[in-house]
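Shown next: run_8.cif, containing mmCIF, C-alpha atoms and all ligand atoms.
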data_final
loop_
_atom_site.label_atom_id
_atom_site.label_comp_id
_atom_site.auth_asym_id
_atom_site.auth_seq_id
_atom_site.Cartn_x
_atom_site.Cartn_y
_atom_site.Cartn_z
CA MET A 10 -201.23 -151.21 44.83
CA LYS A 11 -198.79 -153.57 46.51
CA LYS A 12 -200.49 -156.48 48.25
CA ARG A 13 -199.63 -156.99 51.92
CA LEU A 14 -198.88 -160.60 52.68
CA VAL A 15 -199.81 -161.92 56.11
CA PRO A 16 -197.80 -165.04 56.91
CA VAL A 17 -199.64 -167.84 58.66
CA GLY A 18 -198.97 -167.78 62.38
CA SER A 19 -197.94 -164.15 62.42
CA ASN A 20 -199.19 -161.99 65.24
CA GLU A 21 -201.53 -160.21 62.82
CA LYS A 22 -204.27 -162.55 63.96
CA VAL A 23 -206.79 -160.93 66.27
CA VAL A 24 -206.60 -162.34 69.77
CA MET A 25 -209.71 -162.09 71.85
CA LYS A 26 -209.47 -160.44 75.21
CA ASN A 27 -210.70 -162.34 78.24
CA ILE A 28 -213.45 -159.79 78.77
CA GLU A 29 -214.61 -160.21 75.17
CA ARG A 30 -214.66 -163.98 75.63
CA LEU A 31 -216.65 -163.57 78.84
CA LEU A 32 -219.17 -161.21 77.25
CA HIS A 33 -219.64 -163.62 74.37
CA GLN A 34 -220.85 -166.18 76.91
CA ALA A 35 -223.81 -163.97 77.86
CA ALA A 36 -227.09 -165.84 78.14
CA PHE A 37 -230.49 -164.61 79.24
CA LEU A 38 -230.95 -165.36 82.93
CA GLN A 39 -234.21 -163.79 84.05
CA SER A 40 -236.41 -160.71 84.11
CA ALA A 41 -237.26 -158.90 87.31
CA GLN A 42 -239.68 -156.10 88.05
CA THR A 43 -238.29 -155.24 91.45
CA LEU A 44 -235.05 -155.49 93.35
CA ALA A 45 -236.55 -158.30 95.44
CA GLN A 46 -237.02 -160.45 92.32
CA CYS A 47 -233.39 -160.13 91.24
CA PRO A 48 -231.04 -163.09 91.76
CA ALA A 49 -228.73 -163.25 94.78
CA ASP A 50 -226.92 -159.97 95.23
CA GLU A 51 -223.36 -161.27 94.92
CA GLY A 52 -220.53 -161.03 92.44
CA GLY A 53 -220.50 -158.17 89.91
CA GLU A 54 -223.15 -156.67 87.67
CA VAL A 55 -222.84 -153.99 84.96
CA ALA A 56 -226.06 -152.21 84.00
CA PHE A 57 -226.91 -150.69 80.63
CA ALA A 58 -229.39 -147.84 80.49
CA GLY A 59 -230.57 -145.38 77.92
CA ARG A 60 -233.60 -143.77 76.38
CA SER A 61 -235.60 -145.84 74.01
CA ASN A 62 -233.89 -145.89 70.60
CA ALA A 63 -230.52 -144.82 72.01
CA GLY A 64 -228.96 -147.94 70.53
CA LYS A 65 -228.79 -149.99 73.74
CA SER A 66 -229.89 -153.33 72.26
CA SER A 67 -227.51 -152.94 69.33
CA ALA A 68 -224.65 -152.14 71.71
CA ILE A 69 -225.38 -155.12 73.97
CA ASN A 70 -225.61 -157.38 70.96
CA ARG A 71 -222.36 -156.05 69.53
CA LEU A 72 -220.48 -156.28 72.83
CA THR A 73 -221.67 -159.84 73.42
CA GLY A 74 -221.15 -160.86 69.81
CA GLN A 75 -224.72 -162.08 69.64
CA LYS A 76 -227.21 -160.92 67.08
CA THR A 77 -230.40 -161.24 69.07
CA LEU A 78 -229.51 -161.36 72.77
CA ALA A 79 -230.97 -157.98 73.70
CA ARG A 80 -234.07 -158.63 71.64
CA THR A 81 -235.25 -160.52 74.70
CA SER A 82 -235.64 -157.16 76.38
CA LYS A 83 -237.88 -155.93 73.59
CA THR A 84 -240.29 -158.83 73.82
CA PRO A 85 -243.69 -157.41 74.78
CA GLY A 86 -244.14 -157.76 78.50
CA ARG A 87 -240.44 -157.56 79.17
CA THR A 88 -239.86 -154.00 78.07
CA GLN A 89 -240.50 -152.53 81.50
CA LEU A 90 -238.41 -155.03 83.40
CA ILE A 91 -234.86 -155.41 84.53
CA ASN A 92 -233.39 -158.08 82.27
CA LEU A 93 -230.41 -160.02 83.55
CA PHE A 94 -227.84 -161.87 81.48
CA GLN A 95 -225.45 -164.36 83.01
CA LEU A 96 -221.79 -164.15 82.01
CA ASP A 97 -220.32 -166.63 84.49
CA GLU A 98 -221.20 -167.71 88.01
CA GLN A 99 -220.19 -164.40 89.51
CA ARG A 100 -220.81 -161.86 86.76
CA ARG A 101 -223.87 -160.49 84.99
CA LEU A 102 -225.00 -157.83 82.54
CA VAL A 103 -228.22 -156.01 83.22
CA ASP A 104 -230.41 -154.37 80.61
CA LEU A 105 -232.44 -151.67 82.31
CA PRO A 106 -235.81 -150.59 80.94
CA GLY A 107 -235.85 -148.36 77.90
CA TYR A 108 -237.75 -145.63 79.65
CA GLY A 109 -238.95 -142.51 77.95
CA TYR A 110 -241.85 -143.84 75.95
CA ALA A 111 -244.53 -141.19 75.48
CA LYS A 112 -247.06 -144.02 75.48
CA VAL A 113 -246.52 -144.87 79.14
CA ASP A 114 -248.91 -143.11 81.50
CA LYS A 115 -247.64 -141.03 84.38
CA GLU A 116 -248.51 -143.43 87.17
CA LYS A 117 -246.77 -146.32 85.43
CA ARG A 118 -243.81 -144.12 84.77
CA ASN A 119 -243.54 -143.12 88.42
CA GLN A 120 -243.65 -146.77 89.47
CA TRP A 121 -240.98 -147.48 86.90
CA GLN A 122 -238.78 -144.77 88.37
CA ARG A 123 -239.29 -146.12 91.88
CA ASP A 124 -238.31 -149.64 90.76
CA LEU A 125 -235.24 -148.33 88.99
CA ASP A 126 -234.32 -146.18 91.95
CA SER A 127 -234.53 -149.11 94.34
CA TYR A 128 -232.44 -151.26 92.00
CA LEU A 129 -229.78 -148.60 91.48
CA SER A 130 -229.48 -147.62 95.10
CA GLY A 131 -230.02 -151.05 96.66
CA ARG A 132 -228.07 -153.45 94.49
CA LYS A 133 -224.70 -154.13 96.08
CA SER A 134 -223.33 -156.19 93.20
CA LEU A 135 -223.89 -153.30 90.76
CA VAL A 136 -220.35 -152.16 89.97
CA GLY A 137 -221.09 -149.62 87.26
CA MET A 138 -223.58 -148.26 84.79
CA VAL A 139 -223.10 -147.76 81.07
CA LEU A 140 -225.37 -144.96 79.91
CA LEU A 141 -226.07 -144.87 76.20
CA MET A 142 -227.00 -141.68 74.39
CA ASP A 143 -227.55 -141.07 70.70
CA ILE A 144 -224.70 -138.78 69.64
CA ARG A 145 -227.19 -136.53 67.85
CA ASN A 146 -229.43 -136.23 70.89
CA PRO A 147 -227.46 -136.46 74.14
CA LEU A 148 -228.25 -135.41 77.71
CA LYS A 149 -232.02 -135.51 77.63
CA GLU A 150 -234.12 -135.31 80.79
CA HIS A 151 -233.98 -139.04 81.49
CA ASP A 152 -230.23 -139.16 80.97
CA VAL A 153 -229.84 -136.39 83.52
CA MET A 154 -232.09 -138.29 85.93
CA LEU A 155 -229.87 -141.36 85.66
CA ILE A 156 -226.69 -139.31 86.06
CA GLU A 157 -228.14 -137.77 89.21
CA TRP A 158 -229.00 -141.22 90.54
CA ALA A 159 -225.48 -142.43 89.89
CA GLU A 160 -224.15 -139.30 91.54
CA LYS A 161 -226.34 -139.88 94.60
CA THR A 162 -225.05 -143.40 95.10
CA ALA A 163 -221.49 -142.73 93.82
CA LEU A 164 -221.98 -145.41 91.17
CA PRO A 165 -219.24 -145.46 88.51
CA LEU A 166 -220.74 -144.18 85.27
CA HIS A 167 -219.54 -144.45 81.69
CA VAL A 168 -221.29 -142.85 78.73
CA LEU A 169 -221.33 -144.38 75.26
CA LEU A 170 -222.16 -141.77 72.64
CA THR A 171 -223.81 -144.15 70.22
CA LYS A 172 -224.27 -144.16 66.45
CA ALA A 173 -221.05 -142.15 66.09
CA ASP A 174 -220.88 -143.43 62.50
CA LYS A 175 -223.77 -141.10 61.69
CA LEU A 176 -221.42 -138.10 61.97
CA SER A 177 -218.07 -137.32 60.42
CA PHE A 178 -215.21 -138.21 62.76
CA GLY A 179 -214.51 -134.51 63.40
CA ALA A 180 -218.13 -133.76 64.25
CA ALA A 181 -218.29 -136.85 66.47
CA LYS A 182 -215.16 -135.75 68.36
CA GLN A 183 -216.67 -132.32 68.81
CA ALA A 184 -219.88 -133.82 70.20
CA LEU A 185 -217.83 -135.91 72.62
CA PHE A 186 -215.87 -132.86 73.71
CA ALA A 187 -219.10 -130.88 74.32
CA LEU A 188 -220.56 -133.77 76.32
CA GLN A 189 -217.44 -134.12 78.45
CA LYS A 190 -217.63 -130.43 79.23
CA SER A 191 -221.22 -130.80 80.47
CA LEU A 192 -220.37 -133.94 82.44
CA ASN A 193 -217.64 -132.03 84.25
CA ASN A 194 -220.40 -130.14 86.06
CA TYR A 195 -221.21 -133.21 88.12
CA SER A 196 -219.40 -134.11 91.30
CA LEU A 197 -219.06 -137.69 90.05
CA PRO A 198 -216.22 -138.27 87.59
CA ILE A 199 -217.98 -139.60 84.48
CA SER A 200 -216.03 -141.15 81.64
CA SER A 201 -217.31 -141.10 78.07
CA GLN A 202 -216.41 -142.29 74.60
CA LEU A 203 -217.59 -142.56 71.02
CA PHE A 204 -219.30 -145.79 70.09
CA SER A 205 -220.81 -147.37 67.01
CA SER A 206 -222.41 -150.79 66.96
CA THR A 207 -222.36 -150.60 63.17
CA SER A 208 -218.68 -149.83 62.59
CA GLY A 209 -217.26 -151.18 65.85
CA LEU A 210 -215.79 -147.80 66.75
CA GLY A 211 -215.02 -147.67 70.47
CA LEU A 212 -215.57 -151.38 71.01
CA ASP A 213 -212.13 -151.99 72.48
CA ALA A 214 -212.38 -149.08 74.91
CA ALA A 215 -215.79 -150.34 76.07
CA PHE A 216 -214.37 -153.87 76.56
CA ASP A 217 -211.54 -152.46 78.66
CA LEU A 218 -213.84 -150.44 80.88
CA ILE A 219 -216.33 -153.26 81.46
CA GLY A 220 -213.45 -155.70 82.04
CA GLU A 221 -212.02 -153.38 84.66
CA TRP A 222 -215.38 -153.05 86.42
CA LEU A 223 -215.94 -156.80 86.40
CA GLN A 224 -212.33 -157.42 87.45
CA VAL A 225 -211.49 -159.59 84.50
CA GLU A 226 -207.75 -160.06 84.35
CA GLU A 227 -206.03 -159.89 81.00
CA ASN A 228 -202.94 -161.87 80.21
CA ALA A 229 -200.49 -159.28 78.84
CA ALA A 230 -199.72 -161.52 75.86
CA ASP A 231 -203.41 -161.80 75.00
CA THR A 232 -204.18 -158.14 74.76
CA THR A 233 -202.47 -157.52 71.47
CA SER A 234 -205.69 -157.40 69.48
CA GLN A 235 -205.69 -154.97 66.60
CA PRO A 236 -207.39 -151.63 66.99
CA ARG A 237 -211.00 -151.67 65.88
P1 LIG A 301 -232.65 -149.30 71.83
O1 LIG A 301 -234.10 -148.96 71.75
O2 LIG A 301 -231.89 -148.34 72.66
O3 LIG A 301 -232.39 -150.73 72.21
O4 LIG A 301 -232.06 -149.06 70.35
P2 LIG A 301 -231.71 -150.10 69.19
O5 LIG A 301 -230.44 -150.81 69.47
O6 LIG A 301 -232.89 -150.93 68.88
O7 LIG A 301 -231.41 -149.07 68.00
C1 LIG A 301 -232.35 -148.12 67.56
C2 LIG A 301 -232.12 -147.83 66.10
O8 LIG A 301 -230.83 -147.26 65.90
C3 LIG A 301 -232.17 -149.09 65.22
O9 LIG A 301 -232.75 -148.74 63.99
C4 LIG A 301 -230.71 -149.44 65.03
O10 LIG A 301 -230.45 -150.12 63.83
C5 LIG A 301 -230.05 -148.07 65.03
N1 LIG A 301 -228.67 -148.13 65.53
C6 LIG A 301 -228.27 -148.64 66.72
N2 LIG A 301 -226.93 -148.52 66.87
C7 LIG A 301 -226.48 -147.94 65.74
C8 LIG A 301 -225.17 -147.56 65.29
O11 LIG A 301 -224.13 -147.72 65.93
N3 LIG A 301 -225.10 -146.95 64.06
C9 LIG A 301 -226.21 -146.71 63.30
N4 LIG A 301 -226.03 -146.10 62.14
N5 LIG A 301 -227.44 -147.07 63.69
C10 LIG A 301 -227.58 -147.68 64.89
#
Could you write out this structure as structure tokens?
Amino acid sequence: MKKRLVPVGSNEKVVMKNIERLLHQAAFLQSAQTLAQCPADEGGEVAFAGRSNAGKSSAINRLTGQKTLARTSKTPGRTQLINLFQLDEQRRLVDLPGYGYAKVDKEKRNQWQRDLDSYLSGRKSLVGMVLLMDIRNPLKEHDVMLIEWAEKTALPLHVLLTKADKLSFGAAKQALFALQKSLNNYSLPISSQLFSSTSGLGLDAAFDLIGEWLQVEENAADTTSQPR
């Protein structure tokens, strides 16, 4: 096979987007149990939610280019809290609790839902929620609960169908199509895409969406990164 030569200085080199650069700056800021404990409600915040094992930590780590960032949220004692990550002075990522554990008793679970509800409906700086669902197991009860919350507060919602590498591309596309059909039943327009933390599928689309929500401007000349 003929070898493809890439001359030094050619535009083949991957240029990072501003949003990617910003996400790579993510650093753990603090945990909060309630809305009142969250930092000042200013600037912009994007929340990540999903059932336990949906692939949320892997996605946050992949998007921020850090191997262990979201592990913070899995540290015992932190798993039921809102975990905040600073991007810059005005922007944050928020890792919402991985609800859905069978282990958690009903009372604790209800409290959890109240805390989440107050955060989702009361946080002014929250500009959007990324909801992660395992492509082989989408739209479970808790996902529906979160969609209904977003609907209630007209919060922009974007679904990442995670672990898309586990299916053939055709089957993954079909799963996405079926999901989009179900999401059309809601009054809120909900965008969705395939995603894989392992292969990087959908990474660019997720960067674009989060960048738009956080109002990160891209220099036209800098957005020529190669498709992932
Ligand atoms: P969380 O509980 O939602 O934070 O889920 P994790 O990110 O910890 O992922 C749960 C499991 O799914 C782990 O074993 C991950 O290695 C695996 N996983 C996460 N994302 C992907 C992915 O994109 N592809 C594959 N094949 N496995 C994944």
What does the distance from atom CA of A:Ile219 to atom CA of A:Ala49 come to in Å, to one decimal?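 Atom CA of A:Ala49 lies at a distance of 20.8 Å from atom CA of A:Ile219.
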For the interface of chain A with ligand LIG 301 (chain A) (cut-off 12 Å, counting all atoms listed in the file), please tabulate each contacting residue of chain A alongside its nearest pair of atoms and their separation in Å to one decimal, rows sorted by chain and increasing number, as a Markdown table.
| residue | atom | partner | partner_atom | distance |
| --- | --- | --- | --- | --- |
| A:Phe57 | CA | A:LIG301 | O2 | 9.7 |
| A:Ala58 | CA | A:LIG301 | O2 | 8.2 |
| A:Gly59 | CA | A:LIG301 | O2 | 6.2 |
| A:Arg60 | CA | A:LIG301 | O2 | 6.1 |
| A:Ser61 | CA | A:LIG301 | O1 | 4.1 |
| A:Asn62 | CA | A:LIG301 | O1 | 3.3 |
| A:Ala63 | CA | A:LIG301 | O2 | 3.8 |
| A:Gly64 | CA | A:LIG301 | O4 | 3.3 |
| A:Lys65 | CA | A:LIG301 | O2 | 3.7 |
| A:Ser66 | CA | A:LIG301 | O3 | 3.6 |
| A:Ser67 | CA | A:LIG301 | O5 | 3.6 |
| A:Ala68 | CA | A:LIG301 | O5 | 6.3 |
| A:Ile69 | CA | A:LIG301 | O5 | 8.0 |
| A:Asn70 | CA | A:LIG301 | O5 | 8.3 |
| A:Arg71 | CA | A:LIG301 | N2 | 9.2 |
| A:Leu72 | CA | A:LIG301 | O11 | 11.6 |
| A:Lys76 | CA | A:LIG301 | O5 | 10.9 |
| A:Thr77 | CA | A:LIG301 | O5 | 10.4 |
| A:Leu78 | CA | A:LIG301 | O3 | 11.0 |
| A:Ala79 | CA | A:LIG301 | O3 | 7.5 |
| A:Arg80 | CA | A:LIG301 | O3 | 8.1 |
| A:Thr81 | CA | A:LIG301 | O3 | 10.5 |
| A:Ser82 | CA | A:LIG301 | O3 | 8.3 |
| A:Lys83 | CA | A:LIG301 | O3 | 7.7 |
| A:Thr84 | CA | A:LIG301 | O3 | 11.4 |
| A:Thr88 | CA | A:LIG301 | O1 | 9.9 |
| A:Asp104 | CA | A:LIG301 | O3 | 9.4 |
| A:Leu105 | CA | A:LIG301 | O3 | 10.1 |
| A:Pro106 | CA | A:LIG301 | O3 | 9.4 |
| A:Gly107 | CA | A:LIG301 | O1 | 6.4 |
| A:Tyr108 | CA | A:LIG301 | O1 | 9.3 |
| A:Gly109 | CA | A:LIG301 | O1 | 10.2 |
| A:Tyr110 | CA | A:LIG301 | O1 | 10.2 |
| A:Leu140 | CA | A:LIG301 | O2 | 10.3 |
| A:Leu141 | CA | A:LIG301 | O2 | 7.6 |
| A:Met142 | CA | A:LIG301 | O2 | 8.4 |
| A:Asp143 | CA | A:LIG301 | N2 | 8.4 |
| A:Ile144 | CA | A:LIG301 | O11 | 9.7 |
| A:Arg145 | CA | A:LIG301 | C9 | 11.2 |
| A:Leu169 | CA | A:LIG301 | O11 | 10.3 |
| A:Leu170 | CA | A:LIG301 | O11 | 9.2 |
| A:Thr171 | CA | A:LIG301 | O11 | 5.6 |
| A:Lys172 | CA | A:LIG301 | O11 | 3.6 |
| A:Ala173 | CA | A:LIG301 | O11 | 6.4 |
| A:Asp174 | CA | A:LIG301 | N3 | 5.7 |
| A:Lys175 | CA | A:LIG301 | N4 | 5.5 |
| A:Leu176 | CA | A:LIG301 | N4 | 9.2 |
| A:Ser177 | CA | A:LIG301 | N4 | 12.0 |
| A:Leu203 | CA | A:LIG301 | O11 | 9.8 |
| A:Phe204 | CA | A:LIG301 | O11 | 6.7 |
| A:Ser205 | CA | A:LIG301 | O11 | 3.5 |
| A:Ser206 | CA | A:LIG301 | O11 | 3.7 |
| A:Thr207 | CA | A:LIG301 | O11 | 4.4 |
| A:Ser208 | CA | A:LIG301 | O11 | 6.7 |
| A:Gly209 | CA | A:LIG301 | O11 | 7.7 |
| A:Leu210 | CA | A:LIG301 | O11 | 8.4 |
| A:Gly211 | CA | A:LIG301 | O11 | 10.2 |
| A:Leu212 | CA | A:LIG301 | O11 | 10.6 |
When you count all atoms listed in the file, which of these residues is closest to A:Leu148: A:Leu31, A:Leu44, A:Ala36, A:Ala187?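 Closest candidate: A:Ala187.
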Do you have the atom CA of A:Glu157-atom CA of A:Met138 distance handy?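 Separating atom CA of A:Glu157 from atom CA of A:Met138 is a distance of 12.3 Å.
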Write out as a list of chain:residue names which residues come within 10 Å of A:Leu125 when counting all atoms listed in the file, dropping same-chain ones fewer than 5 positions away.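 Listed by chain and then number, they are A:Gln42, A:Thr43, A:Leu44, A:Leu90, A:Ile91, A:Leu105, A:Pro106, A:Asn119, A:Gln120, A:Ser130, A:Gly131, A:Leu155, A:Trp158.
For the choices A:Arg132, A:Lys149, A:Lys26, A:Arg118, the atom-to-atom distance to A:Val55 is smallest for A:Arg132 when using all atoms listed in the file.
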